[in-house]
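**Q** The structure file input26.txt (compact mmCIF, C-alpha atoms and all ligand atoms) is provided below.
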# COMPACT_ATOMS: atom_id res chain seq x y z
CA MET F 1 -17.44 -13.79 -9.43
CA GLY F 2 -18.12 -10.40 -7.88
CA GLN F 3 -15.42 -7.90 -6.97
CA LEU F 4 -16.50 -7.98 -3.31
CA ASP F 5 -17.34 -11.65 -2.83
CA ASN F 6 -17.33 -12.67 0.85
CA LYS F 7 -16.68 -9.11 2.02
CA THR F 8 -18.65 -7.44 4.78
CA ALA F 9 -19.36 -3.73 4.36
CA LEU F 10 -20.98 -0.95 6.35
CA VAL F 11 -22.52 2.02 4.53
CA THR F 12 -23.90 4.72 6.82
CA GLY F 13 -26.76 6.85 5.52
CA ALA F 14 -27.66 4.20 2.98
CA SER F 15 -31.40 4.72 2.66
CA SER F 16 -31.09 7.45 0.02
CA GLY F 17 -28.94 8.96 -2.71
CA ILE F 18 -25.25 8.14 -2.85
CA GLY F 19 -25.26 5.76 0.14
CA LEU F 20 -28.07 3.70 -1.34
CA ALA F 21 -26.31 3.50 -4.71
CA ILE F 22 -23.11 2.33 -2.98
CA ALA F 23 -24.97 -0.29 -0.94
CA ARG F 24 -26.67 -1.60 -4.08
CA ARG F 25 -23.42 -1.78 -6.04
CA PHE F 26 -21.52 -3.49 -3.22
CA ALA F 27 -24.24 -6.15 -2.82
CA ALA F 28 -24.34 -6.65 -6.60
CA GLU F 29 -20.60 -7.36 -6.35
CA GLY F 30 -21.11 -9.99 -3.64
CA ALA F 31 -20.77 -8.10 -0.35
CA THR F 32 -22.99 -8.40 2.68
CA VAL F 33 -23.88 -4.78 3.38
CA TYR F 34 -25.06 -3.21 6.62
CA LEU F 35 -27.15 -0.11 5.90
CA THR F 36 -27.90 2.62 8.43
CA GLY F 37 -30.24 5.60 8.55
CA ARG F 38 -32.66 7.21 10.96
CA ARG F 39 -35.97 6.70 9.09
CA LYS F 40 -37.03 3.08 9.41
CA ALA F 41 -39.43 2.99 6.45
CA ALA F 42 -36.83 4.44 4.09
CA LEU F 43 -34.22 2.02 5.40
CA ASP F 44 -36.48 -1.00 4.95
CA ALA F 45 -37.26 0.09 1.38
CA ALA F 46 -33.52 0.46 0.71
CA VAL F 47 -32.78 -3.04 2.02
CA GLU F 48 -35.44 -4.39 -0.32
CA GLN F 49 -33.74 -2.63 -3.26
CA VAL F 50 -30.37 -4.00 -2.21
CA GLY F 51 -31.81 -7.52 -1.92
CA ALA F 52 -33.18 -7.27 -5.46
CA VAL F 53 -29.72 -6.73 -6.98
CA ALA F 54 -27.60 -8.74 -4.51
CA GLN F 55 -25.52 -11.62 -5.79
CA VAL F 56 -26.22 -15.06 -4.39
CA GLY F 57 -24.83 -15.15 -0.85
CA ALA F 58 -24.91 -11.37 -0.50
CA ARG F 59 -27.61 -9.21 1.08
CA GLY F 60 -28.48 -5.98 2.82
CA ILE F 61 -29.06 -5.74 6.57
CA ALA F 62 -30.75 -2.67 8.07
CA VAL F 63 -29.60 -1.24 11.38
CA GLN F 64 -31.63 1.85 12.17
CA GLY F 65 -29.75 4.57 14.01
CA ASP F 66 -28.31 8.06 14.15
CA THR F 67 -24.65 8.29 13.21
CA SER F 68 -24.11 11.18 15.63
CA ASP F 69 -25.44 9.18 18.59
CA LEU F 70 -22.66 7.16 20.23
CA GLY F 71 -25.15 4.77 21.83
CA ASP F 72 -26.64 4.00 18.41
CA LEU F 73 -23.14 3.41 17.03
CA ASP F 74 -22.35 0.99 19.87
CA ARG F 75 -25.55 -0.92 19.09
CA LEU F 76 -24.64 -1.00 15.39
CA PHE F 77 -21.20 -2.50 15.93
CA VAL F 78 -22.46 -5.05 18.49
CA GLU F 79 -24.94 -6.21 15.86
CA ILE F 80 -22.27 -6.42 13.15
CA GLU F 81 -19.96 -8.31 15.49
CA ASN F 82 -22.65 -10.77 16.49
CA ARG F 83 -23.81 -11.42 12.94
CA SER F 84 -20.60 -11.17 10.89
CA GLY F 85 -17.70 -10.94 13.35
CA ARG F 86 -15.74 -8.54 11.13
CA LEU F 87 -15.79 -5.64 8.67
CA ASP F 88 -13.81 -5.32 5.44
CA ILE F 89 -15.24 -2.02 4.18
CA VAL F 90 -16.59 1.05 5.96
CA VAL F 91 -18.19 3.90 4.01
CA ALA F 92 -18.82 6.88 6.31
CA ASN F 93 -21.40 8.47 4.05
CA ALA F 94 -24.18 9.82 6.30
CA GLY F 95 -24.17 13.58 5.96
CA VAL F 96 -26.39 16.64 5.88
CA GLY F 97 -26.09 20.20 4.65
CA ASP F 98 -27.98 23.32 5.65
CA TYR F 99 -28.16 26.63 3.85
CA GLY F 100 -26.35 29.14 6.08
CA PRO F 101 -24.38 32.10 4.74
CA LEU F 102 -22.28 33.99 7.26
CA GLY F 103 -24.67 36.27 9.10
CA ALA F 104 -27.47 33.70 9.09
CA ILE F 105 -25.81 30.66 10.67
CA THR F 106 -27.89 29.37 13.57
CA GLU F 107 -26.49 27.44 16.51
CA GLU F 108 -28.97 24.64 15.84
CA GLU F 109 -27.86 24.19 12.24
CA TYR F 110 -24.20 24.42 13.24
CA GLU F 111 -24.66 21.72 15.89
CA ARG F 112 -26.63 19.45 13.54
CA THR F 113 -24.16 19.69 10.65
CA THR F 114 -21.02 19.25 12.73
CA ALA F 115 -22.56 16.47 14.84
CA ILE F 116 -23.67 14.37 11.89
CA ASN F 117 -20.89 15.08 9.39
CA PHE F 118 -17.82 15.44 11.59
CA LYS F 119 -18.52 13.80 14.96
CA GLY F 120 -20.47 11.06 13.20
CA THR F 121 -17.58 10.27 10.88
CA VAL F 122 -14.99 10.31 13.70
CA PHE F 123 -16.88 7.90 15.93
CA THR F 124 -18.18 5.65 13.15
CA VAL F 125 -14.62 4.85 12.10
CA GLN F 126 -13.22 4.76 15.64
CA LYS F 127 -15.86 2.32 16.82
CA ALA F 128 -15.43 0.20 13.66
CA LEU F 129 -11.70 -0.28 14.35
CA PRO F 130 -11.88 -3.47 16.44
CA LEU F 131 -13.81 -5.19 13.64
CA LEU F 132 -11.67 -4.03 10.72
CA THR F 133 -9.59 -6.75 9.10
CA ALA F 134 -6.06 -6.39 7.69
CA GLY F 135 -6.47 -5.22 4.10
CA SER F 136 -9.74 -3.46 4.76
CA SER F 137 -10.77 -0.16 3.19
CA VAL F 138 -12.34 2.91 4.77
CA LEU F 139 -14.02 5.57 2.60
CA LEU F 140 -14.92 9.01 3.92
CA LEU F 141 -17.37 11.15 1.96
CA SER F 142 -15.99 14.64 1.47
CA SER F 143 -17.37 17.19 -1.03
CA SER F 144 -16.13 19.40 -3.84
CA SER F 145 -17.55 22.28 -1.78
CA ALA F 146 -14.46 21.89 0.42
CA LEU F 147 -12.14 22.65 -2.50
CA ARG F 148 -13.47 26.01 -3.60
CA ALA F 149 -15.74 28.72 -2.25
CA ALA F 150 -19.18 27.38 -1.38
CA PRO F 151 -21.37 30.45 -0.83
CA GLY F 152 -24.20 29.68 1.58
CA LEU F 153 -22.59 26.43 2.70
CA GLY F 154 -19.65 27.54 4.85
CA VAL F 155 -20.21 25.21 7.82
CA TYR F 156 -21.06 22.23 5.62
CA ALA F 157 -17.99 22.79 3.42
CA ALA F 158 -15.77 23.12 6.49
CA THR F 159 -16.95 19.75 7.84
CA LYS F 160 -16.09 18.22 4.48
CA ALA F 161 -12.62 19.81 4.50
CA ALA F 162 -12.13 18.30 7.96
CA ILE F 163 -13.14 14.89 6.62
CA ARG F 164 -10.55 15.10 3.86
CA SER F 165 -7.95 15.88 6.54
CA LEU F 166 -9.03 12.87 8.61
CA ALA F 167 -8.41 10.60 5.62
CA ARG F 168 -4.75 11.66 5.52
CA THR F 169 -4.10 11.26 9.24
CA TRP F 170 -5.99 8.02 9.66
CA ALA F 171 -4.34 6.52 6.57
CA ALA F 172 -1.00 7.14 8.29
CA GLU F 173 -2.19 5.84 11.64
CA LEU F 174 -3.69 2.64 10.21
CA ALA F 175 -1.06 1.81 7.58
CA ASP F 176 0.68 -0.70 9.85
CA ARG F 177 -2.60 -2.60 10.18
CA ARG F 178 -2.84 -2.59 6.35
CA ILE F 179 -6.07 -0.60 6.55
CA ARG F 180 -6.45 1.95 3.75
CA VAL F 181 -8.34 5.20 4.25
CA ASN F 182 -9.36 7.42 1.34
CA ALA F 183 -11.61 10.41 0.77
CA LEU F 184 -14.29 10.13 -1.91
CA THR F 185 -15.26 13.59 -3.10
CA PRO F 186 -18.38 14.07 -5.19
CA GLY F 187 -19.34 17.26 -6.96
CA PRO F 188 -23.05 17.97 -7.48
CA VAL F 189 -24.89 14.64 -7.68
CA GLU F 190 -28.65 14.25 -8.22
CA THR F 191 -29.96 13.02 -4.87
CA PRO F 192 -32.85 13.81 -2.53
CA GLY F 193 -30.26 15.46 -0.29
CA LEU F 194 -28.99 17.84 -2.96
CA ASN F 195 -32.49 18.69 -4.14
CA GLY F 196 -33.61 19.42 -0.58
CA LEU F 197 -30.60 21.64 -0.02
CA LEU F 198 -31.17 23.61 -3.22
CA ALA F 199 -34.82 24.11 -2.32
CA ALA F 200 -33.69 25.80 0.90
CA PHE F 201 -31.71 28.44 -1.00
CA PRO F 202 -33.60 31.71 -1.50
CA HIS F 203 -34.35 32.76 -5.05
CA ALA F 204 -32.89 35.81 -6.71
CA ASP F 205 -36.25 37.61 -6.73
CA ASP F 206 -36.77 37.08 -2.98
CA PRO F 207 -36.40 40.51 -1.36
CA THR F 208 -35.59 38.89 2.01
CA ALA F 209 -32.80 36.78 0.54
CA VAL F 210 -29.37 36.87 2.12
CA ALA F 211 -26.97 36.24 -0.78
CA PRO F 212 -26.24 33.80 -2.33
CA THR F 213 -29.34 32.59 -4.11
CA ALA F 214 -30.48 29.32 -5.61
CA ALA F 215 -28.72 29.95 -8.91
CA GLU F 216 -25.27 29.78 -7.38
CA PRO F 217 -24.64 26.67 -5.29
CA THR F 218 -24.09 24.18 -8.09
CA PRO F 219 -22.65 25.92 -11.14
CA PRO F 220 -22.55 23.75 -14.28
CA THR F 221 -19.74 21.20 -14.37
CA PRO F 222 -17.41 21.05 -17.39
CA LEU F 223 -19.26 17.86 -18.36
CA GLY F 224 -22.43 19.94 -18.53
CA ARG F 225 -24.51 18.04 -16.01
CA ARG F 226 -24.75 16.84 -12.42
CA GLY F 227 -23.52 13.38 -11.53
CA ARG F 228 -25.57 10.28 -10.86
CA PRO F 229 -25.33 8.32 -7.59
CA ASP F 230 -24.28 5.19 -9.51
CA GLU F 231 -21.26 7.09 -10.86
CA VAL F 232 -20.13 7.78 -7.30
CA ALA F 233 -20.85 4.14 -6.40
CA ALA F 234 -18.54 2.95 -9.20
CA THR F 235 -15.70 4.98 -7.70
CA ALA F 236 -16.56 3.72 -4.22
CA LEU F 237 -16.27 0.16 -5.56
CA TYR F 238 -12.81 0.94 -6.93
CA LEU F 239 -11.63 2.36 -3.59
CA ALA F 240 -13.27 -0.41 -1.54
CA GLY F 241 -11.97 -3.36 -3.48
CA ASP F 242 -8.78 -4.98 -4.68
CA GLN F 243 -8.25 -2.65 -7.67
CA SER F 244 -6.89 0.08 -5.38
CA THR F 245 -4.65 -1.80 -2.95
CA PHE F 246 -1.78 0.72 -3.30
CA THR F 247 -3.99 3.79 -2.79
CA THR F 248 -4.32 5.30 0.69
CA GLY F 249 -4.63 8.82 2.10
CA ALA F 250 -5.84 9.94 -1.32
CA GLU F 251 -8.81 11.94 -2.47
CA LEU F 252 -10.72 10.75 -5.51
CA LEU F 253 -12.92 13.33 -7.20
CA VAL F 254 -16.20 12.47 -8.92
CA ASP F 255 -17.19 15.99 -9.88
CA GLY F 256 -17.42 16.21 -13.66
CA GLY F 257 -14.18 18.18 -13.63
CA ALA F 258 -15.73 21.02 -11.63
CA THR F 259 -12.79 21.59 -9.28
CA GLN F 260 -10.00 20.72 -11.68
CA LEU F 261 -10.65 22.38 -15.04
N1 LIG A 1 -25.40 14.90 -3.51
C1 LIG A 1 -24.37 15.68 -3.66
O1 LIG A 1 -24.35 16.54 -4.55
C2 LIG A 1 -23.16 15.53 -2.76
C3 LIG A 1 -22.00 16.21 -3.12
C4 LIG A 1 -20.86 16.09 -2.32
C5 LIG A 1 -20.91 15.30 -1.18
N2 LIG A 1 -22.06 14.66 -0.86
C6 LIG A 1 -22.05 13.85 0.37
O2 LIG A 1 -22.48 12.54 0.08
C7 LIG A 1 -23.16 11.99 1.22
C8 LIG A 1 -24.53 11.50 0.78
O3 LIG A 1 -25.26 12.61 0.26
P1 LIG A 1 -26.64 12.43 -0.54
O4 LIG A 1 -26.72 13.59 -1.44
O5 LIG A 1 -26.76 11.06 -1.03
O6 LIG A 1 -27.69 12.68 0.67
P2 LIG A 1 -29.20 12.18 0.91
O7 LIG A 1 -29.87 11.84 -0.35
O8 LIG A 1 -29.81 13.22 1.78
O9 LIG A 1 -28.97 10.88 1.78
C9 LIG A 1 -28.41 10.99 3.05
C10 LIG A 1 -28.53 9.68 3.78
O10 LIG A 1 -27.91 9.82 5.06
C11 LIG A 1 -28.85 9.45 6.07
N3 LIG A 1 -28.57 10.25 7.25
C12 LIG A 1 -28.62 11.59 7.39
N4 LIG A 1 -28.33 11.93 8.65
C13 LIG A 1 -28.08 10.78 9.31
C14 LIG A 1 -27.74 10.46 10.63
N5 LIG A 1 -27.62 11.42 11.57
N6 LIG A 1 -27.55 9.17 10.97
C15 LIG A 1 -27.70 8.20 10.05
N7 LIG A 1 -28.03 8.43 8.78
C16 LIG A 1 -28.22 9.70 8.43
C17 LIG A 1 -30.22 9.71 5.45
O11 LIG A 1 -31.24 8.94 6.04
P3 LIG A 1 -32.10 9.49 7.31
O12 LIG A 1 -32.45 10.92 7.01
O13 LIG A 1 -33.27 8.59 7.40
O14 LIG A 1 -31.21 9.38 8.51
C18 LIG A 1 -29.97 9.25 4.03
O15 LIG A 1 -30.04 7.86 3.94
C19 LIG A 1 -23.20 13.11 2.26
O16 LIG A 1 -22.13 12.96 3.15
C20 LIG A 1 -23.01 14.35 1.43
O17 LIG A 1 -22.47 15.42 2.17
C21 LIG A 1 -23.19 14.75 -1.60
Render the structure in this file as structure tokens.
**A**
Amino acid sequence: MGQLDNKTALVTGASSGIGLAIARRFAAEGATVYLTGRRKAALDAAVEQVGAVAQVGARGIAVQGDTSDLGDLDRLFVEIENRSGRLDIVVANAGVGDYGPLGAITEEEYERTTAINFKGTVFTVQKALPLLTAGSSVLLLSSSSALRAAPGLGVYAATKAAIRSLARTWAAELADRRIRVNALTPGPVETPGLNGLLAAFPHADDPTAVAPTAAEPTPPTPLGRRGRPDEVAATALYLAGDQSTFTTGAELLVDGGATQL
């Protein structure tokens, strides 16, 4: 028996990092998981990984698309409706971050970050609503960068603060449908996304650097290390399944104590 037997889940941005780890864990617990992402090759490879760990009767299904594109979202939910007819779990995970201290924020980076992180989350959940069953669970990926200063990441951190706010309001709005909405808030977690972001930070010896530099964005956690995607996936499983049926509007931190100690 898996914890998510016979459940249908959507994980956006599931071809890499945290989203991929969540998709794998959900399928290993018996869920049929729809995975999204923009790069087809990466998505196909992810579905293969999910298939390799899926319980009998569970599997991964790729739906390529951009979470900030409303036409792509419409296509995604038509496909889920046609194949499965319902959704029990939505994980709005797709997200990006760009290095941009005040003074060096470009309009292009601002548009990209807000479109994918904020607009993408709003319309993913809104368009999922008709398919969500009573008792279903919605998870929104926030970030510990929203809870304390995040030098170099102001716009990114602000989108993640907005996402935490959405979890409160939507939990209230959907309570009468018995749909729970919670924020899942990682600290620094080893993923291609985090490594790409850190590589974009200037180094302390770079004379052209606008502060801050690469040393600062992920200070050591009290546990002395960064997290692993599977550690975030374990918390996602808790919030998605029947172990957390009295938890809604909450924020669960997976940050090695970074924001709390
Ligand atoms: N890693 C951390 O330290 C950390 C900490 C706090 C919060 N988070 C949050 O956790 C989530 C996952 O982060 P991660 O580190 O796992 O990132 P990642 O390794 O870069 O993976 C991001 C995933 O999202 C997909 N994606 C990006 N933009 C998309 C779009 N417009 N439409 C559809 N899919 C899109 C990517 O695939 P394509 O590029 O092919 O689209 C990829 O599958 C993000 O929301 C991030 O902000 C991460």
**Q** Using all atoms listed in the file, what does the table of chain F residues within 6 Å of ligand LIG 1 (chain A) look like, with each row giving the shortest atom pair and its distance in Å to one decimal, sorted by chain and ascending number, as a Markdown table?
**A**
| residue | atom | partner | partner_atom | distance |
| --- | --- | --- | --- | --- |
| F:Thr12 | CA | A:LIG1 | N7 | 5.9 |
| F:Gly13 | CA | A:LIG1 | O10 | 3.2 |
| F:Ala14 | CA | A:LIG1 | O15 | 4.5 |
| F:Ser15 | CA | A:LIG1 | O15 | 3.7 |
| F:Ser16 | CA | A:LIG1 | O15 | 4.1 |
| F:Gly17 | CA | A:LIG1 | O5 | 3.5 |
| F:Ile18 | CA | A:LIG1 | O5 | 3.8 |
| F:Gly19 | CA | A:LIG1 | O5 | 5.6 |
| F:Thr36 | CA | A:LIG1 | C15 | 5.8 |
| F:Gly37 | CA | A:LIG1 | N7 | 3.6 |
| F:Arg38 | CA | A:LIG1 | O14 | 3.6 |
| F:Arg39 | CA | A:LIG1 | O13 | 3.7 |
| F:Gly65 | CA | A:LIG1 | C15 | 5.7 |
| F:Asp66 | CA | A:LIG1 | N6 | 3.5 |
| F:Thr67 | CA | A:LIG1 | N6 | 3.8 |
| F:Ser68 | CA | A:LIG1 | N5 | 5.4 |
| F:Asn93 | CA | A:LIG1 | O16 | 4.6 |
| F:Ala94 | CA | A:LIG1 | O10 | 3.9 |
| F:Gly95 | CA | A:LIG1 | O16 | 3.5 |
| F:Val96 | CA | A:LIG1 | O17 | 5.5 |
| F:Ile116 | CA | A:LIG1 | N5 | 4.9 |
| F:Leu141 | CA | A:LIG1 | O16 | 5.2 |
| F:Ser142 | CA | A:LIG1 | C5 | 5.6 |
| F:Ser143 | CA | A:LIG1 | C4 | 3.9 |
| F:Ser144 | CA | A:LIG1 | C4 | 6.0 |
| F:Pro186 | CA | A:LIG1 | C4 | 4.3 |
| F:Gly187 | CA | A:LIG1 | C3 | 4.8 |
| F:Pro188 | CA | A:LIG1 | O1 | 3.5 |
| F:Val189 | CA | A:LIG1 | O1 | 3.7 |
| F:Glu190 | CA | A:LIG1 | N1 | 5.8 |
| F:Thr191 | CA | A:LIG1 | O7 | 4.7 |
| F:Pro192 | CA | A:LIG1 | O7 | 4.2 |
| F:Gly193 | CA | A:LIG1 | O8 | 3.1 |
| F:Leu194 | CA | A:LIG1 | N1 | 4.7 |
**Q** Scan for residues within 6 Å of the point (-15.7, -7.3, 17.1) in the coordinates of the file, using all atoms listed in the file, and reply as JSON, numbers by chain.
**A** {"F": [81, 85, 130, 131]}
**Q** Using all atoms listed in the file, can you tell me which of F:Leu129, F:Ala27, F:Ala171, F:Leu166 comes closest to Gln49 in chain F?
**A**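 Result for the nearest residue to Gln49 in chain F: F:Ala27.
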**Q** Using only C-alpha atoms, which residue out of F:Tyr156, F:Gly227, F:Leu73, F:Val50 lies closest to Pro101 in chain F?
**A**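 Checking each of F:Tyr156, F:Gly227, F:Leu73, F:Val50 against Pro101 in chain F, counting only C-alpha atoms, the winner is F:Tyr156.
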**Q** Using all atoms listed in the file, which residue out of F:Ala175, F:Gly152, F:Asp69, F:Ala115 lies closest to Gly103 in chain F?
**A**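 That would be F:Gly152, the residue with the smallest distance to Gly103 in chain F.
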**Q** Please check which residues have atoms at most 12 Å from (-18.6, 16.1, -12.6) in the file's coordinates, counting all atoms listed in the file, and write them as a ChimeraX atom specification.
**A** /F:143-144,185-190,218-229,231-232,252-261
**Q** Might I get the box with edges along x, y and z of the file that holds all atoms of range 140-145 of chain F listed there, padded by 6 Å on every side, given as centre and edge lengths in Å to one decimal, as JSON?
**A**
{"center_x": -16.2, "center_y": 15.6, "center_z": 0.0, "size_x": 14.6, "size_y": 25.3, "size_z": 19.8}
**Q** CA of Val91 in chain F and CA of Ala240 in chain F, how far apart in Å?
**A**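 We find that CA of Ala240 in chain F and CA of Val91 in chain F lie 8.6 Å from each other.
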**Q** Restricting the calculation to all atoms listed in the file, which member of F:Ala158, F:Val125, F:Ile179, F:Leu132 is positioned closest to Tyr110 in chain F?
**A**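 Going through F:Ala158, F:Val125, F:Ile179, F:Leu132 one by one, the smallest distance to Tyr110 in chain F is for F:Ala158.
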**Q** Any idea what the distance is between CA of Glu173 in chain F and CA of Leu237 in chain F?
**A**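 Between CA of Glu173 in chain F and CA of Leu237 in chain F the gap is 22.9 Å.
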**Q** Could you check how far CA of Glu111 in chain F sits from CA of Leu10 in chain F, in Å to one decimal?
**A**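 CA of Leu10 in chain F lies at a distance of 24.9 Å from CA of Glu111 in chain F.
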**Q** Would you kindly return, as a list of chain:residue names, each protein, DNA or RNA residue with an atom no farther than 12 Å from any atom of Arg83 in chain F, considering only C-alpha atoms and excluding same-chain residues fewer than 2 positions away?
**A**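 Non-adjacent residues within range: F:Thr8, F:Thr32, F:Val33, F:Tyr34, F:Ile61, F:Val63, F:Leu76, F:Phe77, F:Val78, F:Glu79, F:Ile80, F:Glu81, F:Gly85, F:Arg86, F:Leu87, F:Leu131.
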**Q** Of the residues F:Ala236, F:Leu140, F:Gly2, F:Lys127, which is the one nearest to Ala23 in chain F, using all atoms listed in the file?
**A**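 Looking at the shortest contact to Ala23 in chain F, the residue is F:Ala236.
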